[in-house]
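S.K.: Before I ask anything, let me first share the structure, which is written out below as structure tokens.
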Amino acid sequence: MSKISKLFKGSSSSSSSSSSKSKHHRSRGGPSPQEAIHKLRETEEMLTKKQDYLEKRIEQELMIAKKNGTKNKRAALQALKRKKRLEQQLTQIDGTLSTIEFQREALENSHTNTEVLKNMGFAAKAMKQVHENMDIDKIDDLMADITEQQDVAHEISDAISRPFGDQFDEDELLAELAELEEEELEESMDRMGGLPSVPSSRLPSARPSQRASTKKRAEEEDNDMRALASWAI
């Protein structure tokens, strides 16, 4: 093998090794999710600006075609061709934007899920560390002691609130009070000589002179009413 071939072989091997190292380095140190999302947003902004530019160009070409429609047919046709090409580019940009938006949203959701899982794992470790100093058996014993002390407190409260002295039946007392009231009523009636008697004779009726005067007064009132009615007619 000549020196020239060895030289080219060595240079090719060194270049291939350096390229493989650079590829390995890039794959190991790839962009973070935040960087990728930022790049996608920048691309969306750029394509949106391109959309606005194309829409203005389409309007301009349409105005040119309308202006030269009857005067210069060739210029009008050329303007319509340019308008069609611009509309095709606008359609392609719309599709590209939809793809980029979908990719960005998927990346954002993945990043959010990753952060959520990371925080949940952190919380689980903290909870585990807290529970390491707890003994379930001791907790059960503590709860049993608390329940027992509560029962003792209820018993003490019942004992303190229990009334002292003799206890009587309230119904019997009410019945005895009713009997006393009835006896007092009978005694008061006896002292008054009993209920007054109802008179047996009929009450005297009105005298004839009174009946005549009453009838005459009623007739006079009827005459007055008839006179007022005739006057009103």
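By order of appearance in the structure tokens: chains A, B, ..., then residues from 1 within every chain, and ligands from 1 in the order shown.
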Could you pull the residues within 12 Å of Ile100 of chain A, counting only C-alpha atoms, minus those fewer than 3 positions along the same chain, as a PyMOL selection string?
M.R.: chain A and resi 36-48+93-97+103-107
S.K.: Please list as number ranges by chain every residue within 12 Å of Glu59 of chain A, counting only C-alpha atoms and excluding residues in the same chain fewer than 2 positions away.
M.R.: A: 52-57, 61-66, 79-80, 82-84, 86-87
S.K.: Interatomic distance between atom CA of Gln34 of chain A and atom CA of His111 of chain A?
M.R.: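 One can read the atom CA of Gln34 of chain A to atom CA of His111 of chain A distance as 8.3 Å.
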